[in-house]
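This is model34.cif (mmCIF, C-alpha atoms (C1' of nucleotides)).
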data_run
loop_
_atom_site.label_atom_id
_atom_site.label_comp_id
_atom_site.auth_asym_id
_atom_site.auth_seq_id
_atom_site.Cartn_x
_atom_site.Cartn_y
_atom_site.Cartn_z
CA MET A 1 10.90 30.40 -21.88
CA THR A 2 10.81 29.17 -18.33
CA GLN A 3 12.45 32.39 -17.24
CA PRO A 4 10.16 35.10 -15.87
CA ARG A 5 9.39 37.68 -18.46
CA LYS A 6 9.71 40.57 -16.04
CA ALA A 7 12.84 40.92 -13.95
CA ASP A 8 10.63 42.08 -11.12
CA GLY A 9 8.33 39.11 -10.99
CA ARG A 10 5.82 37.96 -8.48
CA LYS A 11 8.32 36.17 -6.31
CA ALA A 12 10.76 39.06 -6.17
CA ARG A 13 8.06 41.53 -5.25
CA GLY A 14 6.81 39.17 -2.59
CA GLU A 15 10.24 38.95 -1.05
CA LYS A 16 10.56 42.70 -1.17
CA LYS A 17 7.24 43.22 0.54
CA ARG A 18 8.16 40.68 3.15
CA ARG A 19 11.27 42.63 4.00
CA ALA A 20 9.35 45.89 3.95
CA ILE A 21 7.03 44.47 6.59
CA VAL A 22 9.96 43.42 8.76
CA GLU A 23 11.50 46.87 8.43
CA ALA A 24 8.19 48.47 9.33
CA THR A 25 8.00 46.24 12.38
CA LEU A 26 11.40 47.43 13.52
CA ARG A 27 10.31 51.03 13.10
CA VAL A 28 7.22 50.36 15.19
CA ILE A 29 9.35 48.82 17.93
CA GLU A 30 11.71 51.80 17.80
CA ARG A 31 8.80 54.15 18.23
CA ASP A 32 6.41 52.30 20.55
CA GLY A 33 8.21 49.24 21.82
CA ILE A 34 7.36 45.62 21.24
CA SER A 35 4.00 46.12 22.90
CA GLY A 36 3.12 48.49 20.08
CA VAL A 37 3.50 45.76 17.49
CA THR A 38 0.17 44.57 16.13
CA HIS A 39 -0.79 43.38 12.70
CA ARG A 40 -2.61 46.60 12.19
CA SER A 41 0.12 48.96 13.42
CA VAL A 42 2.72 47.20 11.30
CA ALA A 43 0.46 47.23 8.26
CA ARG A 44 -0.20 50.93 8.71
CA GLU A 45 3.53 51.65 9.08
CA ALA A 46 4.39 49.59 6.02
CA GLY A 47 1.56 51.07 3.99
CA VAL A 48 0.04 47.70 3.25
CA PRO A 49 -3.42 46.31 4.00
CA THR A 50 -4.13 44.84 7.43
CA THR A 51 -3.96 41.29 6.24
CA ALA A 52 -0.59 41.53 4.54
CA PRO A 53 1.47 40.77 7.67
CA THR A 54 -0.72 37.76 8.33
CA TYR A 55 -0.19 36.56 4.81
CA TYR A 56 3.58 36.67 5.05
CA PHE A 57 3.91 35.60 8.66
CA ALA A 58 1.74 32.88 10.09
CA THR A 59 1.53 34.59 13.44
CA LEU A 60 2.51 37.81 15.17
CA ASP A 61 5.21 35.87 16.95
CA ASP A 62 6.74 34.79 13.66
CA LEU A 63 6.88 38.42 12.65
CA LEU A 64 8.76 39.36 15.82
CA ILE A 65 11.12 36.44 15.32
CA ALA A 66 11.84 37.49 11.75
CA THR A 67 12.49 41.04 12.98
CA LEU A 68 14.90 39.83 15.63
CA LEU A 69 16.81 37.69 13.14
CA TRP A 70 17.05 40.57 10.73
CA THR A 71 18.18 42.97 13.46
CA ALA A 72 20.73 40.50 14.78
CA GLU A 73 22.31 40.35 11.35
CA ALA A 74 22.55 44.11 11.21
CA VAL A 75 24.19 44.21 14.63
CA CYS A 76 26.77 41.69 13.46
CA ASP A 77 27.54 43.78 10.40
CA ASP A 78 28.05 46.86 12.55
CA MET A 79 30.29 44.95 14.89
CA LEU A 80 32.43 43.58 12.07
CA ARG A 81 32.81 47.05 10.64
CA ILE A 82 34.13 48.35 13.94
CA VAL A 83 36.62 45.53 14.26
CA ALA A 84 37.73 45.89 10.66
CA SER A 85 38.38 49.58 11.08
CA GLY A 86 40.74 48.98 13.97
CA GLY A 87 38.50 48.92 17.00
CA THR A 88 40.26 51.61 19.00
CA ALA A 89 38.86 52.76 22.34
CA ARG A 90 37.94 56.05 20.75
CA GLU A 91 35.99 54.37 18.00
CA ILE A 92 34.15 52.04 20.33
CA ALA A 93 33.27 54.92 22.62
CA GLU A 94 31.93 56.91 19.69
CA VAL A 95 29.78 54.05 18.50
CA ILE A 96 28.30 53.64 21.97
CA ALA A 97 27.65 57.36 22.21
CA ARG A 98 25.85 57.39 18.88
CA SER A 99 23.86 54.29 19.82
CA VAL A 100 22.35 55.98 22.86
CA ASP A 101 21.82 59.35 21.20
CA GLU A 102 21.04 59.59 17.50
CA ASN A 103 20.29 55.88 17.26
CA ARG A 104 18.60 55.71 20.61
CA GLY A 105 15.33 54.31 19.32
CA ARG A 106 17.10 51.65 17.36
CA THR A 107 19.17 50.62 20.37
CA LEU A 108 16.08 50.45 22.58
CA ALA A 109 14.46 48.21 19.99
CA GLU A 110 17.51 45.99 19.86
CA TYR A 111 17.46 45.47 23.59
CA GLU A 112 13.77 44.76 23.69
CA LEU A 113 14.34 42.06 21.12
CA TYR A 114 17.39 40.92 23.08
CA LEU A 115 15.21 40.35 26.11
CA LEU A 116 12.63 38.61 23.99
CA ALA A 117 15.33 36.06 23.22
CA GLY A 118 15.63 35.55 26.96
CA ARG A 119 12.15 34.07 26.87
CA ARG A 120 12.46 32.19 23.57
CA PRO A 121 15.24 29.62 23.56
CA GLU A 122 15.10 29.28 19.78
CA LEU A 123 16.09 32.93 19.41
CA ARG A 124 19.08 32.92 21.70
CA ALA A 125 21.65 31.78 19.17
CA ALA A 126 20.73 34.67 16.89
CA ALA A 127 20.71 37.18 19.73
CA ARG A 128 24.20 36.37 20.87
CA ARG A 129 25.65 35.84 17.45
CA TRP A 130 27.47 39.16 17.63
CA LEU A 131 29.25 38.01 20.76
CA ASP A 132 30.45 34.75 19.24
CA LEU A 133 31.34 36.54 16.05
CA ALA A 134 33.39 39.10 17.96
CA VAL A 135 35.40 36.39 19.67
CA GLU A 136 35.92 34.51 16.40
CA THR A 137 36.98 37.60 14.52
CA VAL A 138 39.25 39.16 17.08
CA ARG A 139 40.68 35.95 18.52
CA PRO A 140 41.67 37.80 21.68
CA ALA A 141 44.91 36.96 23.42
CA ASP A 142 43.19 37.47 26.77
CA PRO A 143 39.68 35.96 26.53
CA VAL A 144 38.77 37.01 30.05
CA ALA A 145 39.58 40.63 29.39
CA PHE A 146 37.75 40.47 26.11
CA ARG A 147 34.61 39.07 27.66
CA ALA A 148 34.76 41.83 30.24
CA LEU A 149 34.89 44.34 27.41
CA LEU A 150 31.93 42.80 25.60
CA ALA A 151 29.90 42.74 28.80
CA ALA A 152 30.78 46.33 29.56
CA VAL A 153 29.71 47.44 26.09
CA ASP A 154 26.27 45.97 26.73
CA GLY A 155 26.16 47.62 30.14
CA LEU A 156 27.27 51.02 28.89
CA LEU A 157 24.63 50.90 26.19
CA ILE A 158 21.78 49.97 28.47
CA GLN A 159 22.88 52.41 31.15
CA GLY A 160 23.24 55.07 28.50
CA LEU A 161 19.62 54.49 27.55
CA ILE A 162 18.38 55.40 31.02
CA ALA A 163 20.68 58.36 31.56
CA ASP A 164 19.12 61.79 31.78
CA VAL A 165 21.55 63.10 29.22
CA ALA A 166 23.19 60.59 26.95
CA PRO A 167 26.90 60.17 27.61
CA ASN A 168 29.20 61.36 24.84
CA GLY A 169 32.33 59.83 23.41
CA ASP A 170 34.62 61.83 25.68
CA GLU A 171 32.98 60.43 28.80
CA LEU A 172 32.91 56.88 27.52
CA GLU A 173 36.40 56.68 26.11
CA PRO A 174 38.29 56.40 29.44
CA ILE A 175 36.08 53.51 30.48
CA VAL A 176 36.62 51.67 27.24
CA SER A 177 40.34 52.44 27.46
CA PHE A 178 40.47 50.97 30.94
CA LEU A 179 38.93 47.79 29.60
CA ILE A 180 41.38 47.55 26.75
CA ARG A 181 44.14 48.16 29.30
CA GLY A 182 46.93 50.16 27.78
CA ARG A 183 46.64 48.73 24.31
CA ASP A 184 44.80 51.05 21.99
CA GLU A 185 43.11 48.32 20.03
CA PHE A 186 41.76 44.83 20.43
CA PRO A 187 44.53 42.51 21.56
CA ALA A 188 45.18 40.29 18.58
CA ALA A 189 45.51 36.60 19.08
CA PRO A 190 48.72 34.74 18.33
CA ARG A 191 48.52 32.98 14.96
CA GLU A 192 47.67 29.35 14.98
CA GLN A 193 50.85 27.58 16.12
CA MET B 194 -11.26 58.40 70.51
CA THR B 195 -9.88 59.58 67.21
CA GLN B 196 -7.57 56.57 67.06
CA PRO B 197 -8.77 53.63 65.00
CA ARG B 198 -10.29 50.95 67.13
CA LYS B 199 -8.72 48.11 65.18
CA ALA B 200 -4.97 48.05 64.60
CA ASP B 201 -5.65 46.66 61.15
CA GLY B 202 -8.00 49.31 59.92
CA ARG B 203 -9.30 50.19 56.55
CA LYS B 204 -6.28 52.22 55.56
CA ALA B 205 -3.78 49.55 56.60
CA ARG B 206 -5.59 46.85 54.70
CA GLY B 207 -5.83 49.10 51.69
CA GLU B 208 -2.10 49.67 51.74
CA LYS B 209 -1.50 45.96 52.10
CA LYS B 210 -3.70 45.13 49.17
CA ARG B 211 -2.04 47.78 47.12
CA ARG B 212 1.30 46.17 47.73
CA ALA B 213 -0.13 42.72 47.06
CA ILE B 214 -1.24 43.94 43.66
CA VAL B 215 2.21 45.30 42.90
CA GLU B 216 3.79 42.02 43.95
CA ALA B 217 1.35 40.11 41.79
CA THR B 218 2.26 42.36 38.88
CA LEU B 219 5.92 41.53 39.34
CA ARG B 220 5.11 37.83 39.34
CA VAL B 221 3.17 38.22 36.12
CA ILE B 222 6.10 40.01 34.51
CA GLU B 223 8.45 37.30 35.71
CA ARG B 224 6.26 34.67 34.14
CA ASP B 225 4.91 36.30 30.98
CA GLY B 226 6.77 39.54 30.52
CA ILE B 227 5.41 43.06 30.57
CA SER B 228 3.13 42.24 27.65
CA GLY B 229 1.38 39.76 29.92
CA VAL B 230 0.33 42.47 32.33
CA THR B 231 -3.35 43.31 32.11
CA HIS B 232 -5.78 44.35 34.77
CA ARG B 233 -7.34 40.94 34.59
CA SER B 234 -4.13 38.89 34.69
CA VAL B 235 -2.86 40.86 37.67
CA ALA B 236 -6.18 40.59 39.46
CA ARG B 237 -6.23 36.83 38.88
CA GLU B 238 -2.66 36.49 40.13
CA ALA B 239 -3.39 38.59 43.21
CA GLY B 240 -6.67 36.85 43.88
CA VAL B 241 -8.67 40.07 43.82
CA PRO B 242 -11.58 41.12 41.62
CA THR B 243 -10.92 42.52 38.18
CA THR B 244 -11.59 46.07 39.22
CA ALA B 245 -9.23 46.11 42.19
CA PRO B 246 -6.13 47.10 40.20
CA THR B 247 -8.11 49.87 38.58
CA TYR B 248 -9.25 51.08 41.95
CA TYR B 249 -5.73 51.34 43.35
CA PHE B 250 -4.01 52.48 40.19
CA ALA B 251 -5.61 55.00 37.91
CA THR B 252 -4.20 53.32 34.83
CA LEU B 253 -2.26 50.24 33.78
CA ASP B 254 0.72 52.47 33.26
CA ASP B 255 0.59 53.65 36.85
CA LEU B 256 0.64 50.03 37.94
CA LEU B 257 3.76 49.34 35.91
CA ILE B 258 5.38 52.46 37.27
CA ALA B 259 4.63 51.42 40.85
CA THR B 260 6.06 47.99 40.11
CA LEU B 261 9.25 49.46 38.71
CA LEU B 262 9.68 51.75 41.72
CA TRP B 263 9.16 48.85 44.09
CA THR B 264 11.57 46.64 42.16
CA ALA B 265 14.18 49.38 42.00
CA GLU B 266 14.13 49.60 45.78
CA ALA B 267 14.65 45.87 46.09
CA VAL B 268 17.59 46.01 43.69
CA CYS B 269 19.17 48.75 45.80
CA ASP B 270 18.77 46.68 48.94
CA ASP B 271 20.43 43.71 47.28
CA MET B 272 23.27 45.87 46.07
CA LEU B 273 23.86 47.38 49.51
CA ARG B 274 23.94 43.93 51.05
CA ILE B 275 26.65 42.83 48.64
CA VAL B 276 28.76 45.88 49.35
CA ALA B 277 28.26 45.54 53.11
CA SER B 278 29.38 41.94 53.07
CA GLY B 279 32.69 42.81 51.44
CA GLY B 280 31.97 42.77 47.73
CA THR B 281 34.65 40.31 46.72
CA ALA B 282 34.92 39.11 43.15
CA ARG B 283 33.72 35.69 44.24
CA GLU B 284 30.63 37.12 45.87
CA ILE B 285 29.75 39.31 42.93
CA ALA B 286 30.22 36.41 40.55
CA GLU B 287 27.96 34.23 42.67
CA VAL B 288 25.24 36.84 42.77
CA ILE B 289 25.34 37.19 39.00
CA ALA B 290 25.23 33.42 38.59
CA ARG B 291 22.21 33.13 40.83
CA SER B 292 20.50 36.05 39.08
CA VAL B 293 20.60 34.29 35.73
CA ASP B 294 19.76 30.86 37.08
CA GLU B 295 17.50 30.46 40.10
CA ASN B 296 16.37 34.08 39.91
CA ARG B 297 16.25 34.14 36.16
CA GLY B 298 12.61 35.16 35.93
CA ARG B 299 13.11 37.97 38.36
CA THR B 300 16.14 39.25 36.49
CA LEU B 301 14.28 39.16 33.20
CA ALA B 302 11.51 41.17 34.80
CA GLU B 303 13.98 43.69 36.15
CA TYR B 304 15.47 44.28 32.75
CA GLU B 305 12.12 44.61 31.07
CA LEU B 306 11.28 47.31 33.58
CA TYR B 307 14.75 48.78 33.08
CA LEU B 308 14.02 49.20 29.39
CA LEU B 309 10.63 50.64 30.18
CA ALA B 310 12.49 53.42 31.96
CA GLY B 311 14.30 54.04 28.70
CA ARG B 312 10.99 55.18 27.27
CA ARG B 313 9.67 57.03 30.35
CA PRO B 314 11.93 59.84 31.48
CA GLU B 315 10.15 60.08 34.84
CA LEU B 316 11.25 56.55 35.68
CA ARG B 317 14.89 56.91 34.86
CA ALA B 318 16.02 58.23 38.23
CA ALA B 319 14.52 55.21 39.97
CA ALA B 320 15.94 52.78 37.44
CA ARG B 321 19.48 53.96 37.86
CA ARG B 322 19.31 54.56 41.57
CA TRP B 323 21.34 51.41 42.26
CA LEU B 324 24.15 52.81 40.16
CA ASP B 325 24.27 56.13 41.96
CA LEU B 326 23.90 54.36 45.28
CA ALA B 327 26.79 52.05 44.47
CA VAL B 328 29.06 54.98 43.72
CA GLU B 329 27.97 56.83 46.87
CA THR B 330 28.43 53.80 49.08
CA VAL B 331 31.71 52.53 47.76
CA ARG B 332 33.28 55.89 47.00
CA PRO B 333 35.69 54.22 44.61
CA ALA B 334 39.28 55.39 44.38
CA ASP B 335 39.20 54.80 40.63
CA PRO B 336 35.80 55.98 39.32
CA VAL B 337 36.55 54.93 35.78
CA ALA B 338 37.37 51.36 36.80
CA PHE B 339 34.30 51.29 38.98
CA ARG B 340 32.02 52.42 36.20
CA ALA B 341 33.51 49.75 34.00
CA LEU B 342 32.68 47.20 36.67
CA LEU B 343 29.09 48.39 37.01
CA ALA B 344 28.62 48.33 33.26
CA ALA B 345 30.09 44.85 33.02
CA VAL B 346 27.76 43.57 35.73
CA ASP B 347 24.81 44.73 33.66
CA GLY B 348 26.31 43.14 30.58
CA LEU B 349 27.11 39.85 32.25
CA LEU B 350 23.57 39.65 33.56
CA ILE B 351 21.89 40.35 30.26
CA GLN B 352 24.26 38.08 28.36
CA GLY B 353 23.71 35.40 30.97
CA LEU B 354 20.00 35.60 30.27
CA ILE B 355 20.44 34.66 26.62
CA ALA B 356 23.04 31.96 27.19
CA ASP B 357 22.06 28.39 26.38
CA VAL B 358 23.29 27.27 29.76
CA ALA B 359 23.54 29.88 32.47
CA PRO B 360 27.14 30.67 33.44
CA ASN B 361 28.13 29.64 36.95
CA GLY B 362 30.19 31.43 39.54
CA ASP B 363 33.42 29.73 38.51
CA GLU B 364 33.12 31.02 34.96
CA LEU B 365 32.17 34.51 36.01
CA GLU B 366 34.69 35.04 38.76
CA PRO B 367 37.78 35.56 36.55
CA ILE B 368 35.95 38.23 34.61
CA VAL B 369 34.88 40.06 37.73
CA SER B 370 38.39 39.67 39.14
CA PHE B 371 39.84 41.20 36.02
CA LEU B 372 37.58 44.20 36.50
CA ILE B 373 38.55 44.63 40.12
CA ARG B 374 42.16 44.41 39.03
CA GLY B 375 44.21 42.52 41.55
CA ARG B 376 42.37 43.84 44.59
CA ASP B 377 39.90 41.34 45.95
CA GLU B 378 37.32 43.87 46.95
CA PHE B 379 35.96 47.23 45.90
CA PRO B 380 38.72 49.82 46.03
CA ALA B 381 37.81 52.04 48.96
CA ALA B 382 37.93 55.75 48.54
CA PRO B 383 40.33 57.88 50.54
CA ARG B 384 38.56 59.50 53.48
CA GLU B 385 37.47 63.09 53.05
CA GLN B 386 40.66 65.10 53.33
"C1'" DA C 387 -27.06 56.39 65.43
"C1'" DA C 388 -26.37 59.25 61.62
"C1'" DA C 389 -23.20 60.96 58.16
"C1'" DC C 390 -19.08 60.18 55.96
"C1'" DT C 391 -15.35 58.05 53.63
"C1'" DT C 392 -13.03 54.13 51.80
"C1'" DG C 393 -13.01 49.74 49.90
"C1'" DT C 394 -15.45 46.01 47.03
"C1'" DG C 395 -16.94 43.80 43.07
"C1'" DG C 396 -20.17 42.42 39.22
"C1'" DA C 397 -22.00 44.08 34.89
"C1'" DA C 398 -21.23 46.30 30.89
"C1'" DC C 399 -19.08 49.67 27.40
"C1'" DA C 400 -16.60 50.65 23.25
"C1'" DA C 401 -12.29 49.68 21.31
"C1'" DT C 402 -8.92 46.82 19.69
"C1'" DC C 403 -6.94 42.63 19.09
"C1'" DG C 404 -5.27 38.12 16.13
"C1'" DT C 405 -6.92 35.59 12.84
"C1'" DT C 406 -10.01 33.56 9.24
"C1'" DC C 407 -12.43 33.65 5.00
"C1'" DA C 408 -13.62 34.20 0.43
"C1'" DA C 409 -13.47 36.84 -3.57
"C1'" DC C 410 -10.29 38.77 -6.59
"C1'" DT C 411 -6.04 40.36 -9.51
"C1'" DA C 412 -1.82 39.45 -11.55
"C1'" DG C 413 1.84 36.78 -12.86
"C1'" DT C 414 3.50 32.02 -14.50
"C1'" DT C 415 3.35 27.62 -16.60
"C1'" DT C 416 1.60 24.35 -19.89
"C1'" DA D 417 -5.59 30.53 -24.25
"C1'" DA D 418 -6.44 27.64 -20.53
"C1'" DA D 419 -5.00 26.08 -16.01
"C1'" DC D 420 -2.59 27.09 -12.20
"C1'" DT D 421 -0.32 29.57 -8.48
"C1'" DA D 422 1.13 33.39 -5.70
"C1'" DG D 423 -0.14 37.66 -4.03
"C1'" DT D 424 -3.89 41.05 -2.45
"C1'" DT D 425 -7.64 42.75 -0.07
"C1'" DG D 426 -11.95 44.09 2.70
"C1'" DA D 427 -15.23 42.22 5.65
"C1'" DA D 428 -16.05 39.94 9.58
"C1'" DC D 429 -15.45 36.47 13.63
"C1'" DG D 430 -15.02 35.84 18.55
"C1'" DA D 431 -11.99 37.00 22.22
"C1'" DT D 432 -9.82 40.12 25.10
"C1'" DT D 433 -8.65 44.54 26.35
"C1'" DG D 434 -8.81 49.14 29.56
"C1'" DT D 435 -12.00 51.46 31.77
"C1'" DT D 436 -16.49 53.17 33.65
"C1'" DC D 437 -20.46 52.76 36.41
"C1'" DC D 438 -23.15 51.82 40.17
"C1'" DA D 439 -24.89 49.43 44.03
"C1'" DC D 440 -23.30 47.98 48.20
"C1'" DA D 441 -20.33 46.57 52.39
"C1'" DA D 442 -17.09 47.94 55.84
"C1'" DG D 443 -14.87 51.06 58.68
"C1'" DT D 444 -14.49 55.80 60.73
"C1'" DT D 445 -15.93 60.13 62.43
"C1'" DT D 446 -19.32 63.22 64.41
#
In structure tokens, how does this file's structure come out?
Amino acid sequence: MTQPRKADGRKARGEKKRRAIVEATLRVIERDGISGVTHRSVAREAGVPTTAPTYYFATLDDLLIATLLWTAEAVCDDMLRIVASGGTAREIAEVIARSVDENRGRTLAEYELYLLAGRRPELRAAARRWLDLAVETVRPADPVAFRALLAAVDGLLIQGLIADVAPNGDELEPIVSFLIRGRDEFPAAPREQ
Amino acid sequence: MTQPRKADGRKARGEKKRRAIVEATLRVIERDGISGVTHRSVAREAGVPTTAPTYYFATLDDLLIATLLWTAEAVCDDMLRIVASGGTAREIAEVIARSVDENRGRTLAEYELYLLAGRRPELRAAARRWLDLAVETVRPADPVAFRALLAAVDGLLIQGLIADVAPNGDELEPIVSFLIRGRDEFPAAPREQ
DNA sequence: AAACTTGTGGAACAATCGTTCAACTAGTTT
DNA sequence: AAACTAGTTGAACGATTGTTCCACAAGTTT
């Protein structure tokens, strides 16, 4: 047979380990920031030998890039879920509140990677994928208002990260409501004419 | 005499050098990011011996903290100047456009320090001083709308940093206008009753 | 001028870093 | 089973790091 005898062959395990290393990297960034990412710290976090990250990623930079790409995907998934479930002001406010409280570390990591994209042109498309995806998915009737909303979400998140006490959904909801302007969900676009 | 003989005495020069080191640190962050900040890189940039930064700042961390505090002050000054000069949508849009184009490096540095504050509670007050100052200065009639504006400014800046081509004032102005809602300047607060 | 404080800067320390290397195991193909 | 390939690992490399130390120069006070 040319098929692998074991379902969990060499290749599959390799791919799994690769992802485990990326996940460990994200955890390190959540805990210590990008500056805390070293081959050794990632290896320790992932429970693999020191040389494993080097084996799977040519350089430390490649590892960070892979982590950003993976994180960007996750952000897009989250965003799509919000839109799919209606995208009311209340919901958006709650997501922001959770992002700066329970998921604070994760959000900090996301923004550190976001800024990394500011210095690496090849990462920018991935970093702003959620923005493009939001526009494509919602097809807003008022693009200007929608862009204002997307910008404000970023601002509320980053400002929430440096607040003494994280804002809760009740405080955030009026602001989001103001941005959605009377409607209680994303303004849907007119169908293609 | 107990007065120093020279106007430019030891203490004055020390203070000057201290500030030169902080300024050099900011330049390093603009160029290479926070991860590029080392005693040696800062010393090289400032044109002082390797041990000078250590002499003036107990630790590398202290140096970063001093740099953030200094930068935060500069941001506040900029913000006050915008408000003083009217704060029209056009003006705000232009400032954002310049921040992500000519002053791109500086803006990147500011946000890296911003995020640093997310991990250091003692820095948060300084990092969000411009926000508090904006509210105090403008005394907005509609606080919710104003907070939305401030959040959107942050978002437009950070999104501008990861754009393939930096947005210009013409593209940004409609968004800022939308946030100011018909008025062409910050809504002034009613005088104290 | 003597005593002091502050600033200056080279040498050197241990620690940690990214990365390379070579030996090795385990899975896959022929 | 022999040949091959992908994955695994510890040891070790040179480079760089933050920081300390100490001898000394400059400025200030008594």
Worksheet item: Counting all atoms listed in the file, which residues of chain B come no farther than 6 Å from chain A, as a ChimeraX atom specification?
Response: /B:311,317,337,341,344-345,347-349,354-355,368
Item to complete: For the structure provided, state which residues fall under the PyMOL selection byres ((chain D) within 10 of (chain B)), and present them as an NGL selection string.
Response: :D and (432-435 or 442-445)
Practice prompt. Can you work out the spacing between atom CA of B:Ser292 and atom CA of A:Arg106 in Å, to one decimal?
Written response: 27.0 Å
Which residues would end up in the selection if the PyMOL selection byres ((chain C) within 12 of (chain A)) were applied here, given that I need the answer as a compact mmCIF listing (two decimals) with C-alpha atoms (C1' of nucleotides), in the frame of the given file?
# COMPACT_ATOMS: atom_id res chain seq x y z
C1' DT C 402 -8.92 46.82 19.69
C1' DC C 403 -6.94 42.63 19.09
C1' DG C 404 -5.27 38.12 16.13
C1' DT C 405 -6.92 35.59 12.84
C1' DT C 406 -10.01 33.56 9.24
C1' DC C 407 -12.43 33.65 5.00
C1' DA C 412 -1.82 39.45 -11.55
C1' DG C 413 1.84 36.78 -12.86
C1' DT C 414 3.50 32.02 -14.50
C1' DT C 415 3.35 27.62 -16.60
C1' DT C 416 1.60 24.35 -19.89
Worksheet item: So how far away is atom CA of A:Val135 from atom CA of A:Glu110, in Å?
Response: 20.3 Å
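With atom CA of B:Arg206 on one side and atom C1' of C:DG393 on the other, the separation reads 9.3 Å.
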Item to complete: For D:DC438, list every protein, DNA or RNA residue within 12 Å, evaluated using only C-alpha atoms (C1' of nucleotides), and leave out those in the same chain fewer than 3 positions away; present the list as number ranges by chain.
Response: C: 394-398
Fill in: Long-range neighbours of B:Asp363 as a VMD selection string, 12 Å cut-off, all atoms listed in the file, 6 positions minimum in chain
chain B and resid 282 to 291 369 to 370
Discussion item. Using all atoms listed in the file and a cutoff of 12 Å, can you tell me which residues are near (-10.2, 40.5, 42.4) in the file's coordinates, and write them out as a PyMOL selection string?
Written reply: (chain B and resi 210-211+213-214+217+232-249) or (chain C and resi 394-396)
Discussion item. Assuming the chain letters and numbering stay as they are in my file, what does the PyMOL selection byres ((chain C and resi 389) around 9) actually select? List them as a PyMOL selection string.
Written reply: (chain C and resi 388+390) or (chain D and resi 445-446)
Worksheet entry | B:Asp254, B:Ala277, B:Asn296, B:Asn361 ranked by distance to B:Val331, top pick (using only C-alpha atoms) |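 Under the stated criterion, the closest residue is B:Ala277.
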Item to complete: Excluding C:DA409 and residues on its chain fewer than 5 positions from it, collect all residues at most 12 Å away from it, counting all atoms listed in the file, and give them as an MDAnalysis selection string.
Response: chainID D and resid 424:427
